[in-house]
file target.cif (mmCIF, C-alpha atoms and all ligand atoms)
data_work
#
loop_
_atom_site.group_PDB
_atom_site.id
_atom_site.type_symbol
_atom_site.label_atom_id
_atom_site.label_comp_id
_atom_site.auth_asym_id
_atom_site.auth_seq_id
_atom_site.Cartn_x
_atom_site.Cartn_y
_atom_site.Cartn_z
ATOM 1 C CA MET A 1 32.105 137.374 13.758
ATOM 2 C CA PRO A 2 34.285 140.133 12.622
ATOM 3 C CA LEU A 3 36.607 141.141 9.921
ATOM 4 C CA TYR A 4 39.936 142.534 11.123
ATOM 5 C CA GLU A 5 41.868 144.655 8.633
ATOM 6 C CA ILE A 6 45.195 144.997 10.414
ATOM 7 C CA ARG A 7 46.504 148.465 9.708
ATOM 8 C CA HIS A 8 49.838 148.044 11.473
ATOM 9 C CA PRO A 9 52.580 150.160 9.834
ATOM 10 C CA LEU A 10 54.890 147.170 9.321
ATOM 11 C CA ILE A 11 52.130 145.225 7.585
ATOM 12 C CA ARG A 12 51.157 148.166 5.404
ATOM 13 C CA HIS A 13 54.769 148.777 4.427
ATOM 14 C CA LYS A 14 55.487 145.146 3.629
ATOM 15 C CA LEU A 15 52.254 144.721 1.666
ATOM 16 C CA GLY A 16 53.093 147.851 -0.291
ATOM 17 C CA VAL A 17 56.414 146.309 -1.305
ATOM 18 C CA MET A 18 54.660 143.068 -2.284
ATOM 19 C CA ARG A 19 52.469 144.991 -4.734
ATOM 20 C CA ARG A 20 55.503 145.918 -6.851
ATOM 21 C CA ALA A 21 55.395 143.912 -10.080
ATOM 22 C CA ASP A 22 59.208 143.916 -10.324
ATOM 23 C CA LEU A 23 59.739 142.290 -6.913
ATOM 24 C CA SER A 24 61.851 139.122 -6.990
ATOM 25 C CA THR A 25 60.354 135.741 -6.131
ATOM 26 C CA LYS A 26 62.720 135.564 -3.159
ATOM 27 C CA SER A 27 61.527 138.866 -1.714
ATOM 28 C CA PHE A 28 57.858 138.164 -2.394
ATOM 29 C CA ARG A 29 58.176 134.774 -0.682
ATOM 30 C CA GLU A 30 59.950 136.245 2.348
ATOM 31 C CA LEU A 31 57.391 139.020 2.729
ATOM 32 C CA ALA A 32 54.445 136.597 2.437
ATOM 33 C CA GLN A 33 55.868 134.688 5.417
ATOM 34 C CA GLU A 34 56.584 137.886 7.372
ATOM 35 C CA VAL A 35 53.090 139.295 6.871
ATOM 36 C CA GLY A 36 51.742 135.831 7.694
ATOM 37 C CA ALA A 37 53.619 136.011 11.014
ATOM 38 C CA LEU A 38 52.335 139.512 11.753
ATOM 39 C CA LEU A 39 48.743 138.443 11.046
ATOM 40 C CA THR A 40 49.301 135.458 13.362
ATOM 41 C CA TYR A 41 50.418 137.834 16.098
ATOM 42 C CA GLU A 42 47.116 139.707 15.778
ATOM 43 C CA ALA A 43 44.991 136.577 15.445
ATOM 44 C CA SER A 44 46.487 135.054 18.598
ATOM 45 C CA LYS A 45 46.229 138.019 20.930
ATOM 46 C CA ASP A 46 43.273 136.600 22.879
ATOM 47 C CA LEU A 47 44.693 133.100 23.407
ATOM 48 C CA PRO A 48 44.159 132.024 27.014
ATOM 49 C CA LEU A 49 47.031 132.153 29.503
ATOM 50 C CA GLU A 50 47.483 130.398 32.822
ATOM 51 C CA PRO A 51 49.717 131.201 35.791
ATOM 52 C CA HIS A 52 53.096 129.488 35.779
ATOM 53 C CA GLU A 53 56.161 129.471 38.014
ATOM 54 C CA VAL A 54 59.754 129.213 36.831
ATOM 55 C CA GLU A 55 63.061 129.154 38.643
ATOM 56 C CA GLY A 56 64.687 132.456 37.762
ATOM 57 C CA TRP A 57 68.112 133.836 38.568
ATOM 58 C CA CYS A 58 66.904 135.202 41.924
ATOM 59 C CA GLY A 59 64.474 132.451 42.887
ATOM 60 C CA THR A 60 60.952 131.504 41.908
ATOM 61 C CA VAL A 61 59.205 133.896 39.485
ATOM 62 C CA ARG A 62 55.470 133.920 38.843
ATOM 63 C CA THR A 63 54.971 134.038 35.078
ATOM 64 C CA GLU A 64 52.291 133.036 32.582
ATOM 65 C CA LYS A 65 52.152 130.462 29.828
ATOM 66 C CA LEU A 66 49.710 129.606 27.063
ATOM 67 C CA ALA A 67 46.945 127.535 28.571
ATOM 68 C CA GLY A 68 47.571 124.560 26.320
ATOM 69 C CA LYS A 69 45.283 125.736 23.509
ATOM 70 C CA LYS A 70 45.927 123.356 20.645
ATOM 71 C CA VAL A 71 46.336 124.927 17.233
ATOM 72 C CA THR A 72 46.264 123.582 13.719
ATOM 73 C CA VAL A 73 47.444 125.689 10.799
ATOM 74 C CA VAL A 74 45.528 124.923 7.612
ATOM 75 C CA PRO A 75 47.277 126.042 4.412
ATOM 76 C CA ILE A 76 45.034 125.885 1.345
ATOM 77 C CA LEU A 77 47.171 124.526 -1.499
ATOM 78 C CA ARG A 78 49.120 125.725 -3.081
ATOM 79 C CA ALA A 79 49.518 129.401 -2.226
ATOM 80 C CA GLY A 80 48.752 128.899 1.462
ATOM 81 C CA ILE A 81 52.130 127.172 1.816
ATOM 82 C CA GLY A 82 53.612 130.622 1.236
ATOM 83 C CA MET A 83 52.369 131.781 4.657
ATOM 84 C CA LEU A 84 52.810 128.544 6.613
ATOM 85 C CA ASP A 85 56.324 129.080 7.969
ATOM 86 C CA GLY A 86 55.403 132.595 9.055
ATOM 87 C CA VAL A 87 52.617 131.204 11.237
ATOM 88 C CA LEU A 88 54.832 128.409 12.556
ATOM 89 C CA SER A 89 57.591 130.896 13.432
ATOM 90 C CA LEU A 90 55.259 132.205 16.170
ATOM 91 C CA ILE A 91 53.376 128.994 17.018
ATOM 92 C CA PRO A 92 56.045 126.332 16.467
ATOM 93 C CA GLY A 93 54.097 123.575 18.201
ATOM 94 C CA ALA A 94 51.082 123.886 15.904
ATOM 95 C CA ARG A 95 50.072 120.873 13.850
ATOM 96 C CA VAL A 96 49.505 121.325 10.122
ATOM 97 C CA SER A 97 46.357 120.216 8.276
ATOM 98 C CA VAL A 98 46.751 120.490 4.499
ATOM 99 C CA VAL A 99 43.766 121.091 2.235
ATOM 100 C CA GLY A 100 43.723 121.138 -1.570
ATOM 101 C CA ILE A 101 40.744 122.775 -3.240
ATOM 102 C CA ALA A 102 40.244 123.142 -6.986
ATOM 103 C CA ARG A 103 37.436 124.604 -9.020
ATOM 104 C CA ASN A 104 35.487 122.294 -11.298
ATOM 105 C CA GLU A 105 35.616 124.274 -14.542
ATOM 106 C CA GLU A 106 32.231 122.911 -15.686
ATOM 107 C CA THR A 107 30.168 123.421 -12.540
ATOM 108 C CA LEU A 108 32.434 126.198 -11.147
ATOM 109 C CA GLU A 109 32.014 124.473 -7.767
ATOM 110 C CA ALA A 110 34.982 124.185 -5.421
ATOM 111 C CA HIS A 111 35.937 120.550 -4.863
ATOM 112 C CA THR A 112 38.409 119.051 -2.421
ATOM 113 C CA TYR A 113 41.215 116.952 -3.922
ATOM 114 C CA LEU A 114 43.348 116.649 -0.778
ATOM 115 C CA GLU A 115 42.375 116.608 2.880
ATOM 116 C CA ARG A 116 45.060 115.648 5.407
ATOM 117 C CA LEU A 117 43.676 116.829 8.708
ATOM 118 C CA VAL A 118 45.332 116.360 12.099
ATOM 119 C CA GLY A 119 43.507 114.731 14.997
ATOM 120 C CA GLU A 120 41.538 116.267 17.867
ATOM 121 C CA LEU A 121 40.141 119.006 15.642
ATOM 122 C CA ASP A 122 37.278 119.503 18.081
ATOM 123 C CA GLN A 123 39.844 120.791 20.602
ATOM 124 C CA ARG A 124 41.929 122.901 18.240
ATOM 125 C CA LEU A 125 41.852 126.456 17.043
ATOM 126 C CA ALA A 126 42.222 126.311 13.254
ATOM 127 C CA LEU A 127 44.165 129.071 11.501
ATOM 128 C CA ILE A 128 43.426 128.816 7.786
ATOM 129 C CA VAL A 129 46.059 130.485 5.616
ATOM 130 C CA ASP A 130 45.592 131.552 2.005
ATOM 131 C CA PRO A 131 47.158 134.737 0.598
ATOM 132 C CA MET A 132 44.142 135.778 -1.477
ATOM 133 C CA LEU A 133 40.488 135.776 -0.424
ATOM 134 C CA ALA A 134 38.865 136.416 -3.811
ATOM 135 C CA THR A 135 35.414 134.841 -4.392
ATOM 136 C CA GLY A 136 35.483 132.976 -1.083
ATOM 137 C CA GLY A 137 34.820 129.591 -2.742
ATOM 138 C CA SER A 138 37.995 127.838 -1.506
ATOM 139 C CA MET A 139 37.751 129.428 1.914
ATOM 140 C CA ASN A 140 34.135 128.375 2.389
ATOM 141 C CA ALA A 141 34.886 124.832 1.190
ATOM 142 C CA THR A 142 37.786 124.634 3.664
ATOM 143 C CA ILE A 143 35.694 125.955 6.549
ATOM 144 C CA ASP A 144 32.921 123.482 5.646
ATOM 145 C CA LEU A 145 35.276 120.523 5.768
ATOM 146 C CA LEU A 146 36.911 121.657 9.023
ATOM 147 C CA LYS A 147 33.492 122.016 10.647
ATOM 148 C CA ARG A 148 32.428 118.583 9.357
ATOM 149 C CA ALA A 149 35.595 117.234 11.018
ATOM 150 C CA GLY A 150 34.500 118.754 14.334
ATOM 151 C CA CYS A 151 36.430 122.031 14.410
ATOM 152 C CA LYS A 152 34.669 124.651 16.508
ATOM 153 C CA GLU A 153 36.964 127.663 16.371
ATOM 154 C CA ILE A 154 38.241 128.899 13.029
ATOM 155 C CA ARG A 155 40.142 132.015 11.997
ATOM 156 C CA ALA A 156 41.159 132.856 8.431
ATOM 157 C CA LEU A 157 44.435 134.695 7.728
ATOM 158 C CA VAL A 158 44.686 136.246 4.258
ATOM 159 C CA LEU A 159 47.089 138.813 2.874
ATOM 160 C CA VAL A 160 44.525 140.547 0.659
ATOM 161 C CA ALA A 161 40.744 140.212 0.598
ATOM 162 C CA ALA A 162 38.052 141.278 -1.847
ATOM 163 C CA PRO A 163 34.789 142.622 -0.385
ATOM 164 C CA VAL A 164 32.716 139.968 -2.175
ATOM 165 C CA GLY A 165 34.835 137.144 -0.712
ATOM 166 C CA ILE A 166 34.558 138.596 2.782
ATOM 167 C CA GLU A 167 30.777 138.885 2.416
ATOM 168 C CA ARG A 168 30.401 135.316 1.199
ATOM 169 C CA VAL A 169 32.534 133.847 3.964
ATOM 170 C CA LEU A 170 30.890 135.825 6.746
ATOM 171 C CA ALA A 171 27.395 135.125 5.347
ATOM 172 C CA ALA A 172 28.010 131.371 5.279
ATOM 173 C CA HIS A 173 30.114 131.277 8.449
ATOM 174 C CA PRO A 174 29.336 134.189 10.754
ATOM 175 C CA ASP A 175 31.270 132.456 13.553
ATOM 176 C CA VAL A 176 34.583 132.696 11.645
ATOM 177 C CA SER A 177 36.948 135.666 12.003
ATOM 178 C CA ILE A 178 38.930 136.992 9.057
ATOM 179 C CA TYR A 179 42.300 138.703 9.548
ATOM 180 C CA THR A 180 43.665 140.511 6.520
ATOM 181 C CA ALA A 181 46.401 142.992 5.689
ATOM 182 C CA SER A 182 44.126 144.774 3.209
ATOM 183 C CA VAL A 183 40.568 144.905 1.944
ATOM 184 C CA ASP A 184 41.085 145.755 -1.726
ATOM 185 C CA ASP A 185 38.686 147.258 -4.267
ATOM 186 C CA GLY A 186 37.138 144.172 -5.865
ATOM 187 C CA LEU A 187 37.603 141.473 -8.508
ATOM 188 C CA ASN A 188 38.311 141.901 -12.205
ATOM 189 C CA GLU A 189 36.554 139.838 -14.898
ATOM 190 C CA HIS A 190 39.101 137.014 -14.433
ATOM 191 C CA GLY A 191 38.533 136.781 -10.697
ATOM 192 C CA TYR A 192 41.763 138.558 -9.736
ATOM 193 C CA ILE A 193 41.716 140.927 -6.794
ATOM 194 C CA MET A 194 42.256 144.577 -7.810
ATOM 195 C CA PRO A 195 44.776 146.021 -7.212
ATOM 196 C CA GLY A 196 45.778 142.817 -5.381
ATOM 197 C CA LEU A 197 49.075 141.046 -5.820
ATOM 198 C CA GLY A 198 48.511 139.184 -9.091
ATOM 199 C CA ASP A 199 48.690 135.394 -8.938
ATOM 200 C CA ALA A 200 50.049 134.817 -5.444
ATOM 201 C CA GLY A 201 50.850 131.143 -6.075
ATOM 202 C CA ASP A 202 52.898 131.977 -9.159
ATOM 203 C CA ARG A 203 54.730 134.738 -7.311
ATOM 204 C CA ILE A 204 55.519 132.538 -4.288
ATOM 205 C CA PHE A 205 56.602 129.483 -6.303
ATOM 206 C CA GLY A 206 58.262 131.363 -9.170
ATOM 207 C CA THR A 207 56.069 129.753 -11.818
ATOM 208 C CA LYS A 208 55.147 131.611 -15.026
HETATM 209 N N1 LIG B 1 44.214 134.150 -6.491
HETATM 210 C C1 LIG B 1 45.341 134.865 -6.692
HETATM 211 O O1 LIG B 1 46.435 134.333 -6.652
HETATM 212 N N2 LIG B 1 45.208 136.179 -6.975
HETATM 213 C C2 LIG B 1 44.024 136.787 -7.030
HETATM 214 O O2 LIG B 1 43.979 138.000 -7.257
HETATM 215 C C3 LIG B 1 42.862 136.037 -6.789
HETATM 216 C C4 LIG B 1 42.985 134.717 -6.524
#

call {"tool": "encode", "arguments": {"input": "target.cif", "output": "structure tokens", "more": "lines below"}}
Ligand code: URA
result
Amino acid sequence: MPLYEIRHPLIRHKLGVMRRADLSTKSFRELAQEVGALLTYEASKDLPLEPHEVEGWCGTVRTEKLAGKKVTVVPILRAGIGMLDGVLSLIPGARVSVVGIARNEETLEAHTYLERLVGELDQRLALIVDPMLATGGSMNATIDLLKRAGCKEIRALVLVAAPVGIERVLAAHPDVSIYTASVDDGLNEHGYIMPGLGDAGDRIFGTK
């Protein structure tokens, strides 16, 4: 399944502002949510609709409504929280499944330390949110656990992605779609995306 690099002018402008090292925590946090909402708009544009009738000012009007597709938003802790409200601003009825993934510093394997998934995952579209898709380890671990829990339709929303992370996710999970505001150049020796945003968690939470 595909990679979508969303080259909308508003996204490109906002991401450009986020790259400024002197940006305040407040502004970075607001922009992460806004770009999260804009990526949600793109990632939801094929959701099914059904005919619907409402009583309008001049009588009955034939309209459309979402055909009851259930959604769960899946923020990967901690930085994914920085995009959660942006997604929920457009899909307010979505349920939230929280996943915490950490890297075992000895084995370098991603391991799950928190998994609070909502019910009926087999009937839900899962929108995973994480600002940075770097090596793909956390994303693949999250997709693995969602699939084990029965989830059949998964989309990943990331602000910035590295080519190696995209390749690893799509190699392991070709049925998953990735929506990103930018495919950046690559990773540095510390695993940071270049030019990237720096440590997105620190910038969202104001740590460091
Ligand atoms: N996580 C971040 O916060 N930034 C990166 O560049 C890579 C992973």

call {"tool": "residues_near_ligand", "arguments": {"input": "target.cif", "ligand": "ligand LIG 1 (chain B)", "cutoff": "10 Å", "atoms": "all atoms listed in the file", "output": "PyMOL selection string"}}
result
chain A and resi 78-79+130-136+138+160-162+184+186-188+190-204

call {"tool": "residues_around", "arguments": {"input": "target.cif", "residues": "range 147-153 of chain A", "least_positions_apart": "6", "cutoff": "6 Å", "atoms": "only C-alpha atoms", "output": "PyMOL selection string"}}
result
chain A and resi 121-122+125

call {"tool": "write_last_selection", "arguments": {"input": "target.cif", "atoms": "C-alpha atoms", "output": "PDB file, in the frame of the given file"}}
result
ATOM      1  CA  LEU A 121      40.141 119.006  15.642  1.00  0.00           C
ATOM      2  CA  ASP A 122      37.278 119.503  18.081  1.00  0.00           C
ATOM      3  CA  LEU A 125      41.852 126.456  17.043  1.00  0.00           C
TER       4      LEU A 125
END

call {"tool": "resolve_selection", "arguments": {"input": "target.cif", "expression": "the PyMOL selection byres (((chain A and resi 62-70) around 10) and not hetatm)", "output": "PyMOL selection string"}}
result
chain A and resi 47-56+59-61+71-72+93-95+120-126

call {"tool": "atom_distance", "arguments": {"input": "target.cif", "atom1": "CA of Glu167 in chain A", "atom2": "CA of Met139 in chain A"}}
result
11.8 Å

call {"tool": "atom_distance", "arguments": {"input": "target.cif", "atom1": "CA of Pro174 in chain A", "atom2": "CA of Ile101 in chain A"}}
result
21.4 Å

call {"tool": "resolve_selection", "arguments": {"input": "target.cif", "expression": "the PyMOL selection byres (((chain A and resi 26) around 10) and not hetatm)", "output": "number ranges by chain"}}
result
A: 23-25, 27-31, 203-206

call {"tool": "decode", "arguments": {"input": "target.cif", "residues": "range 77-98 of chain A", "atoms": "C-alpha atoms", "output": "mmCIF file, in the first residue's frame"}}
result
data_model
loop_
_atom_site.group_PDB
_atom_site.id
_atom_site.type_symbol
_atom_site.label_atom_id
_atom_site.label_comp_id
_atom_site.auth_asym_id
_atom_site.auth_seq_id
_atom_site.Cartn_x
_atom_site.Cartn_y
_atom_site.Cartn_z
ATOM 1 C CA LEU A 77 3.802 7.440 23.559
ATOM 2 C CA ARG A 78 4.920 9.902 24.218
ATOM 3 C CA ALA A 79 5.277 12.116 21.157
ATOM 4 C CA GLY A 80 2.144 10.764 19.486
ATOM 5 C CA ILE A 81 0.083 12.603 22.110
ATOM 6 C CA GLY A 82 1.246 15.770 20.364
ATOM 7 C CA MET A 83 -0.927 14.951 17.331
ATOM 8 C CA LEU A 84 -3.887 13.335 19.100
ATOM 9 C CA ASP A 85 -6.106 16.389 19.571
ATOM 10 C CA GLY A 86 -5.550 17.390 15.954
ATOM 11 C CA VAL A 87 -6.967 14.056 14.801
ATOM 12 C CA LEU A 88 -9.833 14.233 17.294
ATOM 13 C CA SER A 89 -10.712 17.770 16.160
ATOM 14 C CA LEU A 90 -11.860 16.206 12.861
ATOM 15 C CA ILE A 91 -13.038 12.801 14.123
ATOM 16 C CA PRO A 92 -14.378 13.652 17.586
ATOM 17 C CA GLY A 93 -16.155 10.333 18.056
ATOM 18 C CA ALA A 94 -12.998 8.265 17.590
ATOM 19 C CA ARG A 95 -11.870 6.043 20.437
ATOM 20 C CA VAL A 96 -8.259 6.262 21.590
ATOM 21 C CA SER A 97 -5.931 3.261 21.949
ATOM 22 C CA VAL A 98 -2.668 4.191 23.678
#
